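To be precise, the following lines are upload.pdb, and they hold PDB, C-alpha atoms.
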```pdb
MODEL        1
ATOM      1  CA  MET A  14      98.723  60.792 134.633
ATOM      2  CA  SER A  15     101.675  62.771 133.295
ATOM      3  CA  GLU A  16     100.409  62.181 129.744
ATOM      4  CA  GLN A  17      97.079  63.942 130.285
ATOM      5  CA  PRO A  18      98.153  67.514 129.380
ATOM      6  CA  GLY A  19      99.700  66.173 126.163
ATOM      7  CA  ARG A  20      96.596  64.209 125.288
ATOM      8  CA  ALA A  21      94.332  67.177 126.007
ATOM      9  CA  ALA A  22      96.371  69.361 123.667
ATOM     10  CA  VAL A  23      96.305  66.718 120.932
ATOM     11  CA  ALA A  24      92.568  66.128 121.422
ATOM     12  CA  GLU A  25      91.944  69.834 120.880
ATOM     13  CA  GLN A  26      94.284  70.015 117.898
ATOM     14  CA  ALA A  27      92.636  66.979 116.286
ATOM     15  CA  ALA A  28      89.087  68.181 116.987
ATOM     16  CA  ARG A  29      89.875  71.568 115.484
ATOM     17  CA  ALA A  30      91.403  69.926 112.412
ATOM     18  CA  GLY A  31      88.377  67.697 111.892
ATOM     19  CA  ALA A  32      85.984  70.562 112.527
ATOM     20  CA  ALA A  33      87.756  72.651 109.904
ATOM     21  CA  VAL A  34      87.074  69.917 107.346
ATOM     22  CA  ALA A  35      83.412  69.771 108.376
ATOM     23  CA  ALA A  36      83.083  73.562 108.214
ATOM     24  CA  LYS A  37      84.612  73.646 104.736
ATOM     25  CA  HIS A  38      81.823  71.427 103.387
ATOM     26  CA  PHE A  39      78.963  72.973 105.409
ATOM     27  CA  ARG A  40      76.056  74.446 103.433
ATOM     28  CA  ILE A  41      77.467  73.598 100.007
ATOM     29  CA  GLY A  42      74.991  70.884  99.006
ATOM     30  CA  ILE A  43      77.083  67.837  99.899
ATOM     31  CA  ASP A  44      75.697  64.401  98.934
ATOM     32  CA  VAL A  45      73.975  62.472 101.719
ATOM     33  CA  GLU A  46      73.892  58.694 102.193
ATOM     34  CA  THR A  47      71.494  56.781 104.441
ATOM     35  CA  LYS A  48      72.626  54.040 106.800
ATOM     36  CA  ALA A  49      70.315  51.623 108.635
ATOM     37  CA  GLU A  50      67.498  54.123 109.233
ATOM     38  CA  LYS A  51      66.224  57.037 107.177
ATOM     39  CA  THR A  52      67.464  59.464 109.832
ATOM     40  CA  ASP A  53      70.875  57.774 110.162
ATOM     41  CA  VAL A  54      72.837  59.679 107.550
ATOM     42  CA  VAL A  55      76.477  60.131 106.561
ATOM     43  CA  THR A  56      78.330  62.396 104.168
ATOM     44  CA  ALA A  57      81.757  62.506 102.558
ATOM     45  CA  ALA A  58      82.527  65.264 105.057
ATOM     46  CA  ASP A  59      82.066  62.818 107.967
ATOM     47  CA  ARG A  60      84.631  60.473 106.459
ATOM     48  CA  ALA A  61      87.063  63.222 105.517
ATOM     49  CA  ALA A  62      86.836  64.817 108.966
ATOM     50  CA  GLN A  63      87.471  61.472 110.660
ATOM     51  CA  ARG A  64      90.524  60.871 108.466
ATOM     52  CA  ARG A  65      91.868  64.295 109.394
ATOM     53  CA  VAL A  66      91.350  63.660 113.113
ATOM     54  CA  ILE A  67      93.174  60.342 112.899
ATOM     55  CA  GLU A  68      96.051  61.836 110.927
ATOM     56  CA  THR A  69      96.453  64.588 113.511
ATOM     57  CA  VAL A  70      96.432  62.211 116.482
ATOM     58  CA  ARG A  71      98.903  59.836 114.823
ATOM     59  CA  GLU A  72     101.452  62.613 114.511
ATOM     60  CA  SER A  73     101.844  62.501 118.316
ATOM     61  CA  PHE A  74     100.538  59.040 119.228
ATOM     62  CA  PRO A  75     101.253  56.783 116.233
ATOM     63  CA  ASP A  76     100.623  53.505 118.049
ATOM     64  CA  ASP A  77      97.294  54.308 119.718
ATOM     65  CA  ALA A  78      94.031  52.687 118.640
ATOM     66  CA  PHE A  79      90.894  54.469 117.438
ATOM     67  CA  VAL A  80      87.176  54.045 118.056
ATOM     68  CA  GLY A  81      84.966  55.945 115.639
ATOM     69  CA  GLU A  82      81.568  56.215 114.045
ATOM     70  CA  GLU A  83      82.740  55.792 110.472
ATOM     71  CA  GLU A  84      84.493  52.831 108.902
ATOM     72  CA  SER A  85      88.231  52.328 108.581
ATOM     73  CA  ALA A  86      89.894  55.137 106.662
ATOM     74  CA  ARG A  87      92.951  55.568 104.441
ATOM     75  CA  GLY A  88      95.055  58.691 104.831
ATOM     76  CA  SER A  89      94.103  61.728 102.793
ATOM     77  CA  ASP A  90      97.327  61.413 100.797
ATOM     78  CA  GLY A  91      96.059  58.100  99.409
ATOM     79  CA  GLU A  92      99.265  56.379 100.489
ATOM     80  CA  THR A  93      99.067  56.290 104.278
ATOM     81  CA  ALA A  94      98.206  52.835 105.580
ATOM     82  CA  GLU A  95      94.562  52.219 106.347
ATOM     83  CA  VAL A  96      93.664  52.635 110.022
ATOM     84  CA  ASP A  97      91.487  50.008 111.663
ATOM     85  CA  VAL A  98      88.683  51.899 113.412
ATOM     86  CA  LEU A  99      87.132  49.947 116.278
ATOM     87  CA  LYS A 100      83.487  50.094 117.348
ATOM     88  CA  GLU A 101      84.012  49.377 121.051
ATOM     89  CA  VAL A 102      86.353  50.807 123.665
ATOM     90  CA  PRO A 103      88.919  48.197 124.716
ATOM     91  CA  PRO A 104      89.307  47.619 128.458
ATOM     92  CA  GLU A 105      93.055  48.188 128.404
ATOM     93  CA  GLY A 106      95.462  50.515 126.678
ATOM     94  CA  PRO A 107      95.150  53.944 125.076
ATOM     95  CA  VAL A 108      92.451  54.676 122.504
ATOM     96  CA  TRP A 109      90.991  57.767 120.844
ATOM     97  CA  VAL A 110      87.209  57.955 120.529
ATOM     98  CA  ILE A 111      86.079  60.071 117.568
ATOM     99  CA  ASP A 112      82.850  61.464 116.215
ATOM    100  CA  PRO A 113      83.821  63.508 113.158
ATOM    101  CA  ILE A 114      80.429  65.209 112.811
ATOM    102  CA  ASP A 115      78.070  64.598 115.708
ATOM    103  CA  GLY A 116      74.740  65.978 114.571
ATOM    104  CA  THR A 117      74.923  65.036 110.896
ATOM    105  CA  ASN A 118      71.158  65.461 110.549
ATOM    106  CA  ASN A 119      71.607  69.085 111.607
ATOM    107  CA  TYR A 120      74.613  69.400 109.324
ATOM    108  CA  VAL A 121      72.760  68.269 106.202
ATOM    109  CA  ARG A 122      69.818  70.552 107.075
ATOM    110  CA  ASP A 123      72.185  73.545 107.280
ATOM    111  CA  ILE A 124      71.630  73.840 111.039
ATOM    112  CA  ARG A 125      74.741  75.047 112.831
ATOM    113  CA  VAL A 126      74.540  72.726 115.864
ATOM    114  CA  PHE A 127      77.091  69.994 115.166
ATOM    115  CA  ALA A 128      80.428  69.058 116.687
ATOM    116  CA  THR A 129      83.663  67.235 116.066
ATOM    117  CA  ALA A 130      84.356  65.241 119.230
ATOM    118  CA  VAL A 131      87.639  63.630 120.250
ATOM    119  CA  ALA A 132      88.259  61.849 123.545
ATOM    120  CA  ALA A 133      91.474  60.245 124.804
ATOM    121  CA  VAL A 134      90.762  57.111 126.839
ATOM    122  CA  VAL A 135      93.251  55.022 128.817
ATOM    123  CA  ASP A 136      92.258  51.655 130.272
ATOM    124  CA  GLY A 137      88.593  52.408 129.654
ATOM    125  CA  GLU A 138      88.560  55.821 131.361
ATOM    126  CA  PRO A 139      88.576  59.200 129.568
ATOM    127  CA  VAL A 140      91.560  61.382 130.443
ATOM    128  CA  ALA A 141      91.067  64.253 127.977
ATOM    129  CA  ALA A 142      88.500  65.481 125.461
ATOM    130  CA  ALA A 143      87.693  68.228 123.008
ATOM    131  CA  ASN A 144      84.432  69.103 121.264
ATOM    132  CA  VAL A 145      84.622  71.775 118.588
ATOM    133  CA  LEU A 146      81.444  73.342 117.178
ATOM    134  CA  PRO A 147      82.835  75.248 114.182
ATOM    135  CA  ALA A 148      79.597  76.880 113.025
ATOM    136  CA  MET A 149      78.930  78.097 116.574
ATOM    137  CA  ASP A 150      82.520  79.242 117.104
ATOM    138  CA  ASP A 151      82.759  77.265 120.349
ATOM    139  CA  ALA A 152      85.459  74.863 121.498
ATOM    140  CA  TYR A 153      85.205  72.829 124.705
ATOM    141  CA  VAL A 154      88.300  71.157 126.126
ATOM    142  CA  ALA A 155      88.644  68.971 129.208
ATOM    143  CA  ASP A 156      91.973  67.860 130.631
ATOM    144  CA  GLY A 157      92.446  65.849 133.800
ATOM    145  CA  ASP A 158      91.134  68.549 136.113
ATOM    146  CA  ALA A 159      88.794  71.064 134.488
ATOM    147  CA  THR A 160      86.628  71.926 131.493
ATOM    148  CA  TYR A 161      87.091  75.034 129.377
ATOM    149  CA  ARG A 162      84.942  76.786 126.794
ATOM    150  CA  ASN A 163      86.972  78.956 124.447
ATOM    151  CA  GLY A 164      89.795  78.996 126.970
ATOM    152  CA  GLU A 165      87.695  79.994 129.998
ATOM    153  CA  ARG A 166      87.035  77.502 132.760
ATOM    154  CA  VAL A 167      83.367  76.508 133.115
ATOM    155  CA  THR A 168      81.322  74.750 135.765
ATOM    156  CA  VAL A 169      77.857  73.253 135.959
ATOM    157  CA  SER A 170      74.979  75.434 137.120
ATOM    158  CA  ASP A 171      73.967  75.734 140.767
ATOM    159  CA  VAL A 172      70.221  75.529 140.059
ATOM    160  CA  ASP A 173      68.574  73.325 142.686
ATOM    161  CA  ASP A 174      64.907  73.997 141.887
ATOM    162  CA  PRO A 175      63.422  71.775 139.150
ATOM    163  CA  GLU A 176      61.014  74.548 138.216
ATOM    164  CA  ARG A 177      64.020  76.615 137.150
ATOM    165  CA  GLY A 178      65.815  73.818 135.341
ATOM    166  CA  ALA A 179      66.159  73.124 131.609
ATOM    167  CA  VAL A 180      66.734  69.524 130.532
ATOM    168  CA  ALA A 181      67.285  67.966 127.115
ATOM    169  CA  PRO A 182      66.436  64.528 125.759
ATOM    170  CA  THR A 183      69.411  63.226 123.809
ATOM    171  CA  ILE A 184      70.618  60.405 121.556
ATOM    172  CA  TRP A 185      67.853  59.027 119.326
ATOM    173  CA  TRP A 186      64.859  56.771 119.673
ATOM    174  CA  GLY A 187      64.198  54.827 116.462
ATOM    175  CA  ARG A 188      60.832  54.687 114.731
ATOM    176  CA  ASP A 189      59.911  51.596 116.761
ATOM    177  CA  ARG A 190      60.629  53.425 120.049
ATOM    178  CA  ARG A 191      58.716  56.661 119.645
ATOM    179  CA  ASP A 192      56.642  55.986 122.771
ATOM    180  CA  GLU A 193      59.872  56.375 124.721
ATOM    181  CA  TYR A 194      60.718  59.574 122.874
ATOM    182  CA  ALA A 195      57.270  60.942 123.715
ATOM    183  CA  ALA A 196      57.706  59.835 127.324
ATOM    184  CA  ALA A 197      61.047  61.651 127.531
ATOM    185  CA  CYS A 198      59.427  64.884 126.417
ATOM    186  CA  SER A 199      56.524  64.383 128.824
ATOM    187  CA  GLU A 200      58.751  63.566 131.802
ATOM    188  CA  ILE A 201      60.883  66.630 131.196
ATOM    189  CA  VAL A 202      58.106  69.175 130.667
ATOM    190  CA  ARG A 203      56.206  67.894 133.694
ATOM    191  CA  ARG A 204      59.209  67.952 136.024
ATOM    192  CA  PHE A 205      61.243  70.937 134.856
ATOM    193  CA  ALA A 206      60.859  74.507 133.675
ATOM    194  CA  ASP A 207      61.543  73.704 130.041
ATOM    195  CA  LEU A 208      62.857  71.267 127.468
ATOM    196  CA  ARG A 209      65.577  71.771 124.879
ATOM    197  CA  ARG A 210      66.584  69.442 122.065
ATOM    198  CA  PHE A 211      69.629  70.195 119.933
ATOM    199  CA  GLY A 212      70.079  67.122 117.746
ATOM    200  CA  SER A 213      73.708  66.551 118.759
ATOM    201  CA  ALA A 214      74.706  64.753 121.935
ATOM    202  CA  GLN A 215      78.245  66.102 121.768
ATOM    203  CA  ALA A 216      76.846  69.633 121.631
ATOM    204  CA  THR A 217      74.306  68.959 124.392
ATOM    205  CA  LEU A 218      76.624  67.373 126.959
ATOM    206  CA  PRO A 219      79.010  70.367 127.071
ATOM    207  CA  MET A 220      75.976  72.577 127.655
ATOM    208  CA  VAL A 221      75.463  70.736 130.939
ATOM    209  CA  ALA A 222      79.149  71.222 131.697
ATOM    210  CA  ASP A 223      79.003  74.997 131.150
ATOM    211  CA  GLY A 224      75.701  75.508 132.996
ATOM    212  CA  SER A 225      73.520  76.226 129.965
ATOM    213  CA  LEU A 226      71.450  73.148 130.818
ATOM    214  CA  GLU A 227      70.766  71.454 134.138
ATOM    215  CA  GLY A 228      70.592  67.968 132.654
ATOM    216  CA  THR A 229      70.179  65.592 129.746
ATOM    217  CA  VAL A 230      68.727  62.085 129.599
ATOM    218  CA  THR A 231      68.317  58.993 127.493
ATOM    219  CA  ASN A 232      67.493  55.373 128.274
ATOM    220  CA  VAL A 233      69.119  53.870 125.183
ATOM    221  CA  ALA A 234      72.502  52.168 124.966
ATOM    222  CA  CYS A 235      74.769  54.937 123.692
ATOM    223  CA  ASN A 236      77.662  54.715 121.289
ATOM    224  CA  PRO A 237      80.962  55.831 122.845
ATOM    225  CA  TRP A 238      81.632  58.378 120.089
ATOM    226  CA  ASP A 239      78.342  60.103 120.954
ATOM    227  CA  THR A 240      79.067  60.393 124.650
ATOM    228  CA  VAL A 241      82.541  59.806 126.114
ATOM    229  CA  ALA A 242      83.996  63.249 125.389
ATOM    230  CA  GLY A 243      80.978  65.138 126.715
ATOM    231  CA  VAL A 244      80.678  62.976 129.809
ATOM    232  CA  HIS A 245      84.300  63.726 130.712
ATOM    233  CA  MET A 246      83.558  67.438 130.363
ATOM    234  CA  ILE A 247      80.550  67.278 132.693
ATOM    235  CA  ARG A 248      82.447  65.421 135.389
ATOM    236  CA  ASN A 249      85.394  67.800 135.182
ATOM    237  CA  ALA A 250      82.962  70.716 135.515
ATOM    238  CA  GLY A 251      81.475  69.337 138.740
ATOM    239  CA  GLY A 252      78.458  67.489 137.356
ATOM    240  CA  THR A 253      77.145  63.970 137.810
ATOM    241  CA  VAL A 254      76.704  61.268 135.163
ATOM    242  CA  THR A 255      75.093  57.909 135.953
ATOM    243  CA  ASP A 256      73.251  55.056 134.331
ATOM    244  CA  LEU A 257      69.573  54.307 134.933
ATOM    245  CA  ASN A 258      70.405  52.575 138.227
ATOM    246  CA  GLY A 259      72.159  55.648 139.547
ATOM    247  CA  ASP A 260      75.550  53.966 139.251
ATOM    248  CA  ARG A 261      78.560  55.698 137.719
ATOM    249  CA  TRP A 262      78.166  55.850 133.939
ATOM    250  CA  THR A 263      80.687  54.011 131.773
ATOM    251  CA  HIS A 264      81.022  53.766 128.002
ATOM    252  CA  ASP A 265      79.114  50.449 127.969
ATOM    253  CA  SER A 266      76.196  51.535 130.208
ATOM    254  CA  ARG A 267      72.602  51.468 129.020
ATOM    255  CA  GLY A 268      71.091  54.890 129.458
ATOM    256  CA  LEU A 269      72.819  58.136 130.302
ATOM    257  CA  VAL A 270      71.662  60.545 132.988
ATOM    258  CA  ALA A 271      73.728  63.715 133.269
ATOM    259  CA  SER A 272      73.063  66.675 135.523
ATOM    260  CA  ASN A 273      74.536  69.534 137.486
ATOM    261  CA  GLY A 274      74.392  67.273 140.547
ATOM    262  CA  GLU A 275      71.903  69.450 142.403
ATOM    263  CA  LEU A 276      68.984  68.101 140.362
ATOM    264  CA  HIS A 277      70.302  64.627 139.697
ATOM    265  CA  ASP A 278      67.613  62.751 141.617
ATOM    266  CA  GLU A 279      64.889  64.474 139.612
ATOM    267  CA  VAL A 280      66.706  64.003 136.291
ATOM    268  CA  LEU A 281      67.230  60.333 137.157
ATOM    269  CA  ALA A 282      63.536  59.961 137.986
ATOM    270  CA  ALA A 283      62.682  61.397 134.574
ATOM    271  CA  ALA A 284      64.981  58.915 132.850
ATOM    272  CA  ARG A 285      63.440  56.028 134.768
ATOM    273  CA  GLY A 286      60.007  57.252 133.729
ATOM    274  CA  VAL A 287      61.113  57.008 130.108
ATOM    275  CA  ASP A 288      62.431  53.498 130.656
ATOM    276  CA  ALA A 289      59.167  52.407 132.270
ATOM    277  CA  VAL A 290      57.500  52.813 128.860
ATOM    278  CA  ARG A 291      60.103  50.487 127.345
ATOM    279  CA  ASP A 292      59.308  47.841 129.958
TER     280      ASP A 292
ENDMDL
END
```

Can the structure in the file be given as structure tokens, please?
Amino acid sequence: MSEQPGRAAVAEQAARAGAAVAAKHFRIGIDVETKAEKTDVVTAADRAAQRRVIETVRESFPDDAFVGEEESARGSDGETAEVDVLKEVPPEGPVWVIDPIDGTNNYVRDIRVFATAVAAVVDGEPVAAANVLPAMDDAYVADGDATYRNGERVTVSDVDDPERGAVAPTIWWGRDRRDEYAAACSEIVRRFADLRRFGSAQATLPMVADGSLEGTVTNVACNPWDTVAGVHMIRNAGGTVTDLNGDRWTHDSRGLVASNGELHDEVLAAARGVDAVRD
């Protein structure tokens, strides 16, 4: 546990470095490539930001592994050895989980809600994280004990009345799963005061941590780079994060149900209502 303050500082440094790369290319007409689906997009900025994050982490932790959204990357100097970027979190050892630009669809639409997310994980458990939203001028950092927004400690909200709560659907339902997407919206607007959707999981999860939202839900299997950093922030801020069964969420869970704790049963019921459509 003595390494946690060091890893938190490096996570923040790396997230800020990657976010600076993303910000440099924002709103300048960068080329966009499509992955498996029409809405699954990537830019040169994603790859450059990921390289910068990895370079920054390796300055302090040269032997650690990396899990990231983009493919393996060579150093920006063109000479640094290529880094093997994993797609799954190993059960043992230290690893850094990176999303260089979470919310690329927002990014390419010139919408300011996107984040560079970096989480330090040891033996499968997050120990530190940082999410930097450069266009929003917000930086969230979680060490082993607390979560901070722009240097000030934050906690989840104390709202315990669903009719006062705001909840967001998160992650993404593909074109063949739009009934579930519609069900998520229906479950939320029927159970809570209002719905928000921001188009970036790593922007949404910290909003639960700082009390801006009471919860967020999805029933899909989430990628670790979309979730691990934000989940650590919520837990450190006093919130609750489970899977669809109500069990403690882990990076390989299906579904993610996050809340301020006070409304978790209702948020969990909403998520199960979404999953009922899938069944």

Shortest interatomic distance to Ala289 in chain A - which of A:Glu193, A:Ser199, A:Thr56, A:Gly228, counting only C-alpha atoms: A:Glu193

Nearest to Cys198 in chain A by atom-to-atom distance, counting all atoms listed in the file, from A:Val169, A:Leu218, A:Glu176, A:Gly286: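 Answer, going by the shortest atom-to-atom distance: A:Gly286.
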
Radius query 6 Å about (90.6, 63.0, 114.0), atoms used: all atoms listed in the file, as a PyMOL selection string: chain A and resi 27+31+63-67

Point-to-point distance in Å for CA of Arg60 in chain A and CA of Ile114 in chain A: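 Spanning CA of Ile114 in chain A to CA of Arg60 in chain A is a straight-line distance of 9.0 Å.
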
Interatomic distance, CA of Pro103 in chain A to CA of Gly137 in chain A (Å, one decimal):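 For CA of Pro103 in chain A relative to CA of Gly137 in chain A, the distance reads 6.5 Å.
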
Distance query Ala152 in chain A at most 6 Å, only C-alpha atoms, self and fewer than 4 positions along chain excluded, as a PyMOL selection string: chain A and resi 144-145+162-163

Residues as selected, C-alpha atoms, written as a JSON list (two decimals), in the frame of the given file, can you do that?
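The new file selection34.json reads:
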```json
[["chain", "number", "residue", "atom", "x", "y", "z"],
["A", 144, "ASN", "CA", 84.43, 69.10, 121.26],
["A", 145, "VAL", "CA", 84.62, 71.78, 118.59],
["A", 162, "ARG", "CA", 84.94, 76.79, 126.79],
["A", 163, "ASN", "CA", 86.97, 78.96, 124.45]]
```

Residues returned when the PyMOL selection byres ((chain A and resi 147) around 10) runs on this file, as number ranges by chain: A: 28-29, 31-37, 39, 125-129, 144-146, 148-152

Nearest-residue call for Arg177 in chain A, choices A:Pro139, A:His38, A:Ser225, A:Glu83, using all atoms listed in the file: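 Closest to Arg177 in chain A, using all atoms listed in the file: A:Ser225.
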
Best match for closeness to Val140 in chain A among A:Val98, A:Val172, A:Val180, A:Met246, counting only C-alpha atoms: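 Closest to Val140 in chain A of all the choices is A:Met246.
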
Two-atom distance - CA of Glu82 in chain A, CA of Val287 in chain A (Å):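 Rounded to one decimal, the two atoms are 26.0 Å apart.
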
Env of range 40-45 of chain A: 9 Å cut, atoms = all atoms listed in the file, seq-sep filter 3 positions within chain, self excluded. Answer as a PDB file with C-alpha atoms, in the coordinates of the input.
```
ATOM      1  CA  ALA A  36      83.083  73.562 108.214  1.00  0.00           C
ATOM      2  CA  LYS A  37      84.612  73.646 104.736  1.00  0.00           C
ATOM      3  CA  VAL A  54      72.837  59.679 107.550  1.00  0.00           C
ATOM      4  CA  VAL A  55      76.477  60.131 106.561  1.00  0.00           C
ATOM      5  CA  THR A  56      78.330  62.396 104.168  1.00  0.00           C
ATOM      6  CA  ALA A  57      81.757  62.506 102.558  1.00  0.00           C
ATOM      7  CA  ALA A  58      82.527  65.264 105.057  1.00  0.00           C
ATOM      8  CA  TYR A 120      74.613  69.400 109.324  1.00  0.00           C
ATOM      9  CA  VAL A 121      72.760  68.269 106.202  1.00  0.00           C
ATOM     10  CA  ARG A 122      69.818  70.552 107.075  1.00  0.00           C
ATOM     11  CA  ASP A 123      72.185  73.545 107.280  1.00  0.00           C
ATOM     12  CA  ILE A 124      71.630  73.840 111.039  1.00  0.00           C
TER      13      ILE A 124
END
```

Given the PyMOL selection byres ((chain A and resi 205) around 7), the residues it picks as number ranges by chain: A: 175-179, 201-204, 206-207

Selected residue, from A:Glu95, A:Asp260, A:Glu46, A:Asp288, that lies nearest to Arg190 in chain A when counting all atoms listed in the file: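 When distances to Arg190 in chain A are compared using all atoms listed in the file, the smallest one comes from A:Asp288.
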
Nearest-residue call for Val270 in chain A, choices A:Ala30, A:Ala242, A:Ala196, A:Val221, using only C-alpha atoms: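 Nearest candidate to Val270 in chain A out of A:Ala30, A:Ala242, A:Ala196, A:Val221: A:Val221.
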
Selection under test: the PyMOL selection byres ((chain A and resi 161) around 10); residues as a list in words: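 Against this file, the PyMOL selection byres ((chain A and resi 161) around 10) returns the residues Ala143, Ala152, Tyr153, Val154, Ala155, Asp156, Ala159, Thr160, Arg162, Asn163, Gly164, Glu165, Arg166, Val167, Thr168, Pro219, Ala222, Asp223, Met246, Asn249 and Ala250 of chain A.
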
Any chance you could build range 134-149 of chain A out to N, CA, C and O atoms and write it as a short mmCIF file (atom, residue, chain, number, x, y, z; two decimals), keeping the file's coordinate frame?
```
data_model
loop_
_atom_site.label_atom_id
_atom_site.label_comp_id
_atom_site.auth_asym_id
_atom_site.auth_seq_id
_atom_site.Cartn_x
_atom_site.Cartn_y
_atom_site.Cartn_z
N VAL A 134 91.16 58.07 125.81
CA VAL A 134 90.76 57.11 126.84
C VAL A 134 91.94 56.19 127.13
O VAL A 134 92.61 55.73 126.21
N VAL A 135 92.19 55.93 128.41
CA VAL A 135 93.25 55.02 128.82
C VAL A 135 92.66 54.00 129.78
O VAL A 135 92.05 54.38 130.79
N ASP A 136 92.80 52.74 129.45
CA ASP A 136 92.26 51.66 130.27
C ASP A 136 90.77 51.84 130.56
O ASP A 136 90.30 51.63 131.69
N GLY A 137 90.04 52.29 129.55
CA GLY A 137 88.59 52.41 129.65
C GLY A 137 88.08 53.70 130.25
O GLY A 137 86.87 53.93 130.27
N GLU A 138 88.98 54.58 130.72
CA GLU A 138 88.56 55.82 131.36
C GLU A 138 89.03 57.03 130.54
O GLU A 138 90.20 57.10 130.17
N PRO A 139 88.15 57.99 130.28
CA PRO A 139 88.58 59.20 129.57
C PRO A 139 89.54 60.02 130.40
O PRO A 139 89.36 60.18 131.62
N VAL A 140 90.58 60.54 129.75
CA VAL A 140 91.56 61.38 130.44
C VAL A 140 91.63 62.78 129.83
O VAL A 140 92.21 63.70 130.43
N ALA A 141 91.06 62.94 128.64
CA ALA A 141 91.07 64.25 127.98
C ALA A 141 90.02 64.23 126.88
O ALA A 141 89.68 63.16 126.36
N ALA A 142 89.51 65.42 126.51
CA ALA A 142 88.50 65.48 125.46
C ALA A 142 88.42 66.88 124.89
O ALA A 142 88.74 67.87 125.56
N ALA A 143 87.95 66.94 123.64
CA ALA A 143 87.69 68.23 123.01
C ALA A 143 86.51 68.09 122.08
O ALA A 143 86.43 67.14 121.29
N ASN A 144 85.58 69.01 122.17
CA ASN A 144 84.43 69.10 121.26
C ASN A 144 84.46 70.49 120.62
O ASN A 144 84.39 71.49 121.32
N VAL A 145 84.56 70.51 119.31
CA VAL A 145 84.62 71.78 118.59
C VAL A 145 83.36 71.92 117.74
O VAL A 145 83.03 71.04 116.95
N LEU A 146 82.66 73.03 117.93
CA LEU A 146 81.44 73.34 117.18
C LEU A 146 81.79 74.49 116.23
O LEU A 146 81.64 75.66 116.57
N PRO A 147 82.27 74.19 115.03
CA PRO A 147 82.84 75.25 114.18
C PRO A 147 81.84 76.30 113.75
O PRO A 147 82.19 77.49 113.64
N ALA A 148 80.59 75.91 113.48
CA ALA A 148 79.60 76.88 113.02
C ALA A 148 79.08 77.75 114.16
O ALA A 148 78.48 78.80 113.93
N MET A 149 79.32 77.32 115.40
CA MET A 149 78.93 78.10 116.57
C MET A 149 80.11 78.87 117.17
O MET A 149 79.94 79.64 118.10
#
```
